[in-house]
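Student: I'm passing along query.txt; it holds compact mmCIF, C-alpha atoms.
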```txt
# COMPACT_ATOMS: atom_id res chain seq x y z
CA MET E 1 92.22 145.16 -36.86
CA TYR E 2 90.75 146.57 -40.06
CA LYS E 3 89.29 143.93 -42.34
CA PRO E 4 88.01 145.13 -45.71
CA ARG E 5 84.67 143.56 -46.50
CA ASP E 6 84.78 144.19 -50.20
CA ALA E 7 85.51 140.98 -52.12
CA GLN E 8 88.18 142.75 -54.18
CA PHE E 9 90.31 143.22 -51.11
CA GLN E 10 89.97 139.55 -50.21
CA ALA E 11 91.41 138.33 -53.49
CA ARG E 12 94.60 137.11 -51.82
CA ALA E 13 92.79 135.35 -49.00
CA MET E 14 91.73 131.73 -49.31
CA ARG E 15 88.00 131.95 -49.88
CA THR E 16 85.65 128.97 -49.55
CA GLY E 17 85.27 128.41 -53.30
CA THR E 18 89.05 128.49 -53.78
CA ALA E 19 89.57 126.03 -50.93
CA ALA E 20 86.94 123.70 -52.44
CA TRP E 21 88.59 123.91 -55.87
CA LEU E 22 92.07 123.25 -54.44
CA LEU E 23 90.90 120.34 -52.26
CA GLN E 24 89.04 118.77 -55.21
CA ARG E 25 92.17 119.05 -57.34
CA LEU E 26 94.59 117.72 -54.70
CA SER E 27 92.27 114.84 -53.70
CA GLY E 28 91.77 113.96 -57.37
CA LEU E 29 95.51 113.82 -58.08
CA PHE E 30 96.09 111.80 -54.91
CA LEU E 31 93.28 109.35 -55.75
CA THR E 32 94.65 108.84 -59.27
CA LEU E 33 98.09 107.98 -57.86
CA TYR E 34 96.41 105.64 -55.38
CA LEU E 35 94.35 104.05 -58.19
CA ILE E 36 97.43 103.19 -60.28
CA THR E 37 99.23 101.83 -57.19
CA HIS E 38 96.10 99.85 -56.21
CA ILE E 39 95.80 98.25 -59.68
CA ILE E 40 99.51 97.26 -59.67
CA VAL E 41 99.57 95.94 -56.07
CA ILE E 42 96.30 93.96 -56.22
CA GLY E 43 96.88 92.84 -59.82
CA THR E 44 100.31 91.38 -59.06
CA ALA E 45 99.10 89.88 -55.74
CA VAL E 46 96.69 87.39 -57.35
CA ARG E 47 99.47 84.94 -58.28
CA GLY E 48 98.26 82.42 -55.71
CA GLU E 49 95.81 82.04 -52.85
CA ASP E 50 98.34 81.93 -49.97
CA ALA E 51 100.53 84.71 -51.38
CA PHE E 52 97.45 86.92 -51.83
CA ASP E 53 96.03 86.27 -48.33
CA ASP E 54 99.44 86.74 -46.65
CA LEU E 55 100.08 90.04 -48.42
CA LEU E 56 96.60 91.47 -47.81
CA ALA E 57 96.63 90.41 -44.14
CA THR E 58 99.67 92.67 -43.60
CA PHE E 59 97.39 95.64 -44.39
CA ASP E 60 94.90 94.72 -41.61
CA LYS E 61 96.97 96.53 -38.98
CA ALA E 62 96.70 99.87 -37.22
CA PRO E 63 98.62 102.24 -39.49
CA PHE E 64 97.14 100.83 -42.72
CA LEU E 65 93.55 100.62 -41.43
CA ILE E 66 93.64 104.25 -40.28
CA LEU E 67 95.10 105.25 -43.66
CA ASP E 68 92.32 103.21 -45.33
CA ALA E 69 89.71 105.11 -43.30
CA GLY E 70 91.38 108.35 -44.39
CA LEU E 71 91.28 107.17 -48.01
CA VAL E 72 87.53 106.47 -47.73
CA GLY E 73 87.11 109.97 -46.26
CA VAL E 74 89.02 111.54 -49.17
CA VAL E 75 86.89 109.53 -51.63
CA ALA E 76 83.72 110.74 -49.86
CA PHE E 77 84.84 114.38 -50.04
CA HIS E 78 85.84 114.13 -53.72
CA ALA E 79 82.53 112.39 -54.57
CA LEU E 80 80.27 114.83 -52.68
CA ASN E 81 82.14 117.96 -53.79
CA GLY E 82 82.10 116.49 -57.31
CA LEU E 83 78.30 116.19 -57.16
CA ARG E 84 78.29 119.87 -56.05
CA LEU E 85 80.27 120.73 -59.20
CA ILE E 86 77.89 118.73 -61.42
CA LEU E 87 74.96 120.70 -59.94
CA PHE E 88 76.82 123.91 -60.83
CA ASP E 89 77.15 122.68 -64.45
CA PHE E 90 73.34 122.84 -64.54
CA ALA E 91 73.38 126.20 -62.72
CA ILE E 92 71.76 124.57 -59.69
CA GLY E 93 72.75 125.57 -56.15
CA LEU E 94 75.26 128.28 -57.07
CA ARG E 95 73.83 130.52 -54.37
CA PHE E 96 74.52 127.81 -51.77
CA GLN E 97 78.02 126.93 -52.97
CA LYS E 98 79.67 127.57 -49.58
CA LEU E 99 77.05 125.60 -47.66
CA LEU E 100 77.30 122.70 -50.14
CA PHE E 101 81.11 122.68 -49.72
CA TRP E 102 80.82 122.54 -45.94
CA ILE E 103 78.22 119.75 -46.14
CA SER E 104 80.65 117.76 -48.35
CA PHE E 105 83.51 118.43 -45.94
CA VAL E 106 81.62 117.59 -42.74
CA VAL E 107 80.06 114.42 -44.21
CA ALA E 108 83.52 113.32 -45.43
CA VAL E 109 84.96 113.78 -41.92
CA ALA E 110 82.00 111.78 -40.56
CA VAL E 111 82.71 109.00 -43.10
CA PHE E 112 86.36 108.96 -41.97
CA ILE E 113 85.33 108.71 -38.29
CA GLY E 114 82.71 106.07 -39.11
CA SER E 115 85.23 103.99 -41.07
CA THR E 116 87.70 104.18 -38.18
CA VAL E 117 84.97 103.08 -35.75
CA ALA E 118 84.08 100.16 -38.07
CA VAL E 119 87.61 98.72 -37.84
CA ARG E 120 88.29 99.83 -34.22
CA ASN E 121 88.63 96.28 -32.86
CA LEU E 122 91.30 95.44 -35.44
CA ILE E 123 93.31 98.58 -34.62
CA ALA E 124 93.45 98.00 -30.86
CA MET M 1 82.63 119.05 -81.16
CA ALA M 2 85.04 121.90 -81.69
CA ARG M 3 86.90 123.25 -78.72
CA LEU M 4 85.44 126.39 -77.31
CA GLU M 5 87.58 128.98 -75.60
CA LEU M 6 85.70 130.26 -72.62
CA ARG M 7 86.28 133.14 -70.28
CA GLN M 8 86.04 131.73 -66.79
CA GLU M 9 84.06 134.09 -64.63
CA THR M 10 85.52 134.51 -61.19
CA GLY M 11 83.33 136.86 -59.23
CA GLY M 12 83.48 139.71 -61.73
CA ALA M 13 87.20 139.38 -62.47
CA THR M 14 88.25 137.74 -65.72
CA GLY M 15 90.11 134.48 -65.15
CA PRO M 16 92.37 132.57 -67.49
CA VAL M 17 91.09 131.33 -70.83
CA VAL M 18 90.37 127.65 -70.32
CA GLY M 19 90.06 124.88 -72.89
CA PHE M 20 86.74 123.11 -73.11
CA SER M 21 85.77 120.05 -75.13
CA PHE M 22 82.31 118.53 -74.97
CA TRP M 23 83.02 114.77 -74.93
CA PRO M 24 85.73 114.73 -72.24
CA TRP M 25 83.50 116.98 -70.13
CA LEU M 26 80.49 114.66 -70.53
CA LEU M 27 82.51 111.46 -69.95
CA GLN M 28 84.08 112.97 -66.80
CA ARG M 29 80.53 113.50 -65.41
CA VAL M 30 79.18 110.11 -66.54
CA THR M 31 82.14 108.23 -65.01
CA ALA M 32 81.82 110.37 -61.85
CA VAL M 33 78.21 109.30 -61.33
CA GLY M 34 79.13 105.68 -62.15
CA LEU M 35 81.93 105.73 -59.56
CA ILE M 36 79.64 107.28 -56.92
CA VAL M 37 77.34 104.25 -57.36
CA LEU M 38 79.99 101.52 -57.73
CA LEU M 39 82.78 102.58 -55.34
CA PRO M 40 80.68 102.31 -52.14
CA ILE M 41 79.70 98.76 -53.23
CA HIS M 42 83.37 97.91 -53.89
CA ILE M 43 84.57 99.34 -50.56
CA VAL M 44 81.84 97.81 -48.38
CA VAL M 45 81.84 94.36 -50.04
CA ASN M 46 85.63 93.97 -50.20
CA HIS M 47 86.63 95.55 -46.91
CA LEU M 48 83.76 95.40 -44.42
CA PHE M 49 81.96 92.07 -45.02
CA ASN M 50 84.57 90.02 -43.13
CA ILE M 51 85.12 92.28 -40.09
CA VAL M 52 83.34 90.01 -37.58
CA GLU M 53 85.14 86.87 -38.81
CA VAL M 54 88.53 88.60 -38.62
CA GLU M 55 87.75 89.90 -35.10
CA ARG M 56 86.94 86.31 -34.04
CA GLY M 57 90.12 85.06 -35.68
CA ASP M 58 88.16 82.88 -38.15
CA LEU M 59 89.73 84.52 -41.20
CA PRO M 60 93.33 85.60 -41.89
CA GLY M 61 92.34 89.03 -43.22
CA LEU M 62 89.55 91.35 -44.36
CA VAL M 63 90.23 90.54 -48.02
CA VAL M 64 90.72 86.83 -48.74
CA PHE M 65 91.37 85.21 -52.10
CA SER M 66 88.56 82.61 -51.90
CA ASP M 67 85.92 85.37 -51.39
CA VAL M 68 87.31 87.45 -54.26
CA ALA M 69 87.42 84.41 -56.58
CA GLU M 70 83.88 83.36 -55.62
CA ARG M 71 82.51 86.86 -56.29
CA LEU M 72 84.36 87.22 -59.61
CA GLU M 73 82.80 83.98 -60.86
CA THR M 74 79.41 85.74 -60.77
CA PRO M 75 78.76 87.99 -63.82
CA THR M 76 77.44 90.87 -61.68
CA TYR M 77 80.61 91.35 -59.62
CA TRP M 78 82.82 90.75 -62.67
CA VAL M 79 81.01 93.49 -64.61
CA ILE M 80 81.11 95.81 -61.55
CA ASP M 81 84.90 95.38 -61.39
CA LEU M 82 85.23 95.88 -65.16
CA LEU M 83 83.21 99.11 -64.97
CA LEU M 84 85.19 100.28 -61.90
CA LEU M 85 88.46 99.69 -63.76
CA THR M 86 87.20 101.52 -66.87
CA PHE M 87 85.50 104.45 -65.12
CA ALA M 88 88.23 105.02 -62.49
CA LEU M 89 91.06 104.98 -65.06
CA TYR M 90 89.24 107.38 -67.41
CA HIS M 91 88.10 109.71 -64.63
CA GLY M 92 91.49 109.85 -62.91
CA LEU M 93 93.68 110.24 -65.99
CA ASN M 94 91.30 112.70 -67.70
CA GLY M 95 91.30 114.61 -64.40
CA VAL M 96 95.10 114.88 -64.56
CA ARG M 97 94.72 116.14 -68.16
CA ASN M 98 92.16 118.73 -66.99
CA VAL M 99 94.63 120.04 -64.39
CA LEU M 100 97.36 120.44 -67.03
CA LEU M 101 94.91 122.15 -69.44
CA ASP M 102 94.04 124.53 -66.60
CA TYR M 103 97.71 125.48 -66.40
CA GLY M 104 97.56 126.47 -70.06
CA LEU M 105 98.85 123.34 -71.77
CA ARG M 106 98.05 123.59 -75.50
CA GLY M 107 99.30 122.42 -78.89
CA THR M 108 102.11 119.86 -79.09
CA GLY M 109 102.45 119.60 -75.30
CA GLU M 110 98.75 118.86 -75.00
CA ARG M 111 98.94 116.12 -77.66
CA VAL M 112 102.00 114.56 -75.96
CA VAL M 113 100.30 114.58 -72.54
CA THR M 114 97.03 113.21 -73.97
CA GLY M 115 98.99 110.45 -75.73
CA ALA M 116 101.04 109.59 -72.64
CA LEU M 117 98.00 109.49 -70.33
CA SER M 118 96.09 107.40 -72.89
CA LEU M 119 99.00 104.95 -73.01
CA VAL M 120 99.09 104.67 -69.20
CA GLY M 121 95.33 104.10 -69.26
CA MET M 122 95.50 101.46 -72.01
CA VAL M 123 98.33 99.53 -70.29
CA ALA M 124 96.57 99.61 -66.90
CA PHE M 125 93.27 98.63 -68.56
CA VAL M 126 94.75 95.65 -70.43
CA PHE M 127 96.60 94.55 -67.26
CA GLY M 128 93.39 94.88 -65.21
CA ILE M 129 91.37 92.93 -67.80
CA SER M 130 94.02 90.18 -67.83
CA VAL M 131 93.74 89.87 -64.03
CA LEU M 132 89.91 89.82 -64.14
CA ALA M 133 89.86 87.37 -67.09
CA ALA M 134 91.82 84.81 -65.04
CA PHE M 135 88.81 84.50 -62.71
CA ILE M 136 86.36 83.50 -65.44
CA ASP M 137 85.59 79.87 -64.85
```
Using the file provided, produce a representation of the structure as structure tokens.
Tutor:
Amino acid sequence: MYKPRDAQFQARAMRTGTAAWLLQRLSGLFLTLYLITHIIVIGTAVRGEDAFDDLLATFDKAPFLILDAGLVGVVAFHALNGLRLILFDFAIGLRFQKLLFWISFVVAVAVFIGSTVAVRNLIA
Amino acid sequence: MARLELRQETGGATGPVVGFSFWPWLLQRVTAVGLIVLLPIHIVVNHLFNIVEVERGDLPGLVVFSDVAERLETPTYWVIDLLLLTFALYHGLNGVRNVLLDYGLRGTGERVVTGALSLVGMVAFVFGISVLAAFID
């Protein structure tokens, strides 16, 4: 199949920089929603010691712990890709923008896997 | 600093005109770096310190009230939580504003959105402070 190599003809395709931009935006919006929820849930949970411990213990189960690991992975991606963007503000690393995105992505996946491994005995 | 209207360069093609203001830009970067330092501390200390005890059945959960209260009675952890609350709220809500500005929000709409996001931030900040203040012994 013919694939034009000129960048102009790839404008409609999802290029690496566009994917990085979109993922940064979506993860940022998601994390902001999580932040507000987190402040409300934890803030209202500190009414008393037993109520707090009972509520938080319900989150130490399989579905929540895996979601937590995913959350840490999303945070890691947003943080690393964000550092990539700060470098670009100083015109550093622009030539390696694709590599820097993939490093952010792969490290974030590793952080997700590592977080899952850390809580593996509580999931099983 | 006055708003500059910049042409965003996208590989030779001219992109949309985007709004740019110096102070929100700088604060977004400063809070980003702050969060990169503080969030790992928050996540590890709050969620990973008790894993072994919970696995042994010595503790009811990973996050327990007595630990949180003990930490928040030390100035260091209290200030870390105060900075996390401040930085995360600013960074997240200003990020939402950036997205809307990217979609061309200007004028009255921009002022309404900025006001609404500021209000959300203020309310969440005061609520967060009230929760943290209760732990001061």
Student: Tell me, as a PyMOL selection string, which residues lie within 9 Å of M:Asp137, counting all atoms listed in the file; anything in the same chain fewer than 3 positions away does not count.
Tutor: chain M and resi 73+133-134
Student: Distance cut-off 7 Å, counting only C-alpha atoms - which residues of chain E neighbour chain M? Return them as a list of chain:residue names.
Tutor: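 Per the criterion, chain E yields E:Gly28, E:Leu29, E:Thr32, E:Ile39, E:Gly43, E:Glu49, E:Phe52, E:Asp53, E:Leu56, E:Ala57, E:Asp60, E:Ala79, E:Asn121, E:Leu122.
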Student: Keeping C-alpha atoms for every residue in the selection just given, could you write it to a file as a CSV table (one decimal), keeping the file's coordinate frame?
Tutor:
```
chain,number,residue,atom,x,y,z
E,28,GLY,CA,91.8,114.0,-57.4
E,29,LEU,CA,95.5,113.8,-58.1
E,32,THR,CA,94.6,108.8,-59.3
E,39,ILE,CA,95.8,98.2,-59.7
E,43,GLY,CA,96.9,92.8,-59.8
E,49,GLU,CA,95.8,82.0,-52.8
E,52,PHE,CA,97.4,86.9,-51.8
E,53,ASP,CA,96.0,86.3,-48.3
E,56,LEU,CA,96.6,91.5,-47.8
E,57,ALA,CA,96.6,90.4,-44.1
E,60,ASP,CA,94.9,94.7,-41.6
E,79,ALA,CA,82.5,112.4,-54.6
E,121,ASN,CA,88.6,96.3,-32.9
E,122,LEU,CA,91.3,95.4,-35.4
```
Student: So that all listed atoms of stretch 32-43 of chain E fit with 6 Å spare on each side, what axis-aligned box centre and edge lengths in Å, to one decimal, would you give as JSON?
Tutor:
```
{"center_x": 97.0, "center_y": 100.8, "center_z": -57.8, "size_x": 17.2, "size_y": 28.0, "size_z": 16.9}
```
Student: Which polymer residues have any atom within 10 Å of an atom of E:Val75, counting all atoms listed in the file, with same-chain residues fewer than 3 positions away left out, as a list in words?
Tutor: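 Neighbouring residues, sequence-local ones excluded: Ser27, Gly28, Leu31, Ala69, Gly70, Leu71, Val72, His78, Ala79, Leu80, Asn81, Ala108, Val111 and Phe112 of chain E; Ile36, Leu39 and Pro40 of chain M.
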Student: Tell me, in Å to one decimal, how far atom CA of M:Leu82 is from atom CA of M:Glu53.
Tutor: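 So the answer is 27.8 Å.
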Student: Using Å and a single decimal, report how far atom CA of M:Val123 sits from atom CA of M:Leu83.
Tutor: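 Calculated distance between atom CA of M:Leu83 and atom CA of M:Val123 is 16.0 Å.
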Student: What separation in Å, quoted to one decimal, exists between atom CA of E:Ala20 and atom CA of E:Phe101?
Tutor: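 Result for atom CA of E:Ala20 versus atom CA of E:Phe101: 6.5 Å, one decimal.
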Student: Output stretch 28-40 of chain M as a PDB file, in the coordinates of the input, making sure N, CA and C atoms are there.
Tutor:
```pdb
ATOM      1  N   GLN M  28      83.613 112.748 -68.174  1.00  0.00           N
ATOM      2  CA  GLN M  28      84.080 112.970 -66.800  1.00  0.00           C
ATOM      3  C   GLN M  28      82.887 112.932 -65.832  1.00  0.00           C
ATOM      4  N   ARG M  29      81.741 113.494 -66.260  1.00  0.00           N
ATOM      5  CA  ARG M  29      80.530 113.500 -65.410  1.00  0.00           C
ATOM      6  C   ARG M  29      79.897 112.119 -65.338  1.00  0.00           C
ATOM      7  N   VAL M  30      79.808 111.442 -66.495  1.00  0.00           N
ATOM      8  CA  VAL M  30      79.180 110.110 -66.540  1.00  0.00           C
ATOM      9  C   VAL M  30      79.973 109.131 -65.666  1.00  0.00           C
ATOM     10  N   THR M  31      81.326 109.141 -65.818  1.00  0.00           N
ATOM     11  CA  THR M  31      82.140 108.230 -65.010  1.00  0.00           C
ATOM     12  C   THR M  31      82.073 108.616 -63.538  1.00  0.00           C
ATOM     13  N   ALA M  32      81.936 109.925 -63.250  1.00  0.00           N
ATOM     14  CA  ALA M  32      81.820 110.370 -61.850  1.00  0.00           C
ATOM     15  C   ALA M  32      80.600 109.749 -61.192  1.00  0.00           C
ATOM     16  N   VAL M  33      79.449 109.846 -61.890  1.00  0.00           N
ATOM     17  CA  VAL M  33      78.210 109.300 -61.330  1.00  0.00           C
ATOM     18  C   VAL M  33      78.326 107.775 -61.197  1.00  0.00           C
ATOM     19  N   GLY M  34      78.920 107.127 -62.211  1.00  0.00           N
ATOM     20  CA  GLY M  34      79.130 105.680 -62.150  1.00  0.00           C
ATOM     21  C   GLY M  34      79.967 105.289 -60.945  1.00  0.00           C
ATOM     22  N   LEU M  35      81.045 106.040 -60.689  1.00  0.00           N
ATOM     23  CA  LEU M  35      81.930 105.730 -59.560  1.00  0.00           C
ATOM     24  C   LEU M  35      81.232 105.960 -58.229  1.00  0.00           C
ATOM     25  N   ILE M  36      80.369 106.994 -58.166  1.00  0.00           N
ATOM     26  CA  ILE M  36      79.640 107.280 -56.920  1.00  0.00           C
ATOM     27  C   ILE M  36      78.724 106.103 -56.567  1.00  0.00           C
ATOM     28  N   VAL M  37      78.193 105.421 -57.600  1.00  0.00           N
ATOM     29  CA  VAL M  37      77.340 104.250 -57.360  1.00  0.00           C
ATOM     30  C   VAL M  37      78.187 103.017 -57.031  1.00  0.00           C
ATOM     31  N   LEU M  38      79.264 102.783 -57.813  1.00  0.00           N
ATOM     32  CA  LEU M  38      79.990 101.520 -57.730  1.00  0.00           C
ATOM     33  C   LEU M  38      81.044 101.472 -56.607  1.00  0.00           C
ATOM     34  N   LEU M  39      81.703 102.597 -56.340  1.00  0.00           N
ATOM     35  CA  LEU M  39      82.780 102.580 -55.340  1.00  0.00           C
ATOM     36  C   LEU M  39      82.299 102.193 -53.931  1.00  0.00           C
ATOM     37  N   PRO M  40      81.159 102.746 -53.463  1.00  0.00           N
ATOM     38  CA  PRO M  40      80.680 102.310 -52.140  1.00  0.00           C
ATOM     39  C   PRO M  40      80.459 100.803 -52.085  1.00  0.00           C
TER      40      PRO M  40
END
```
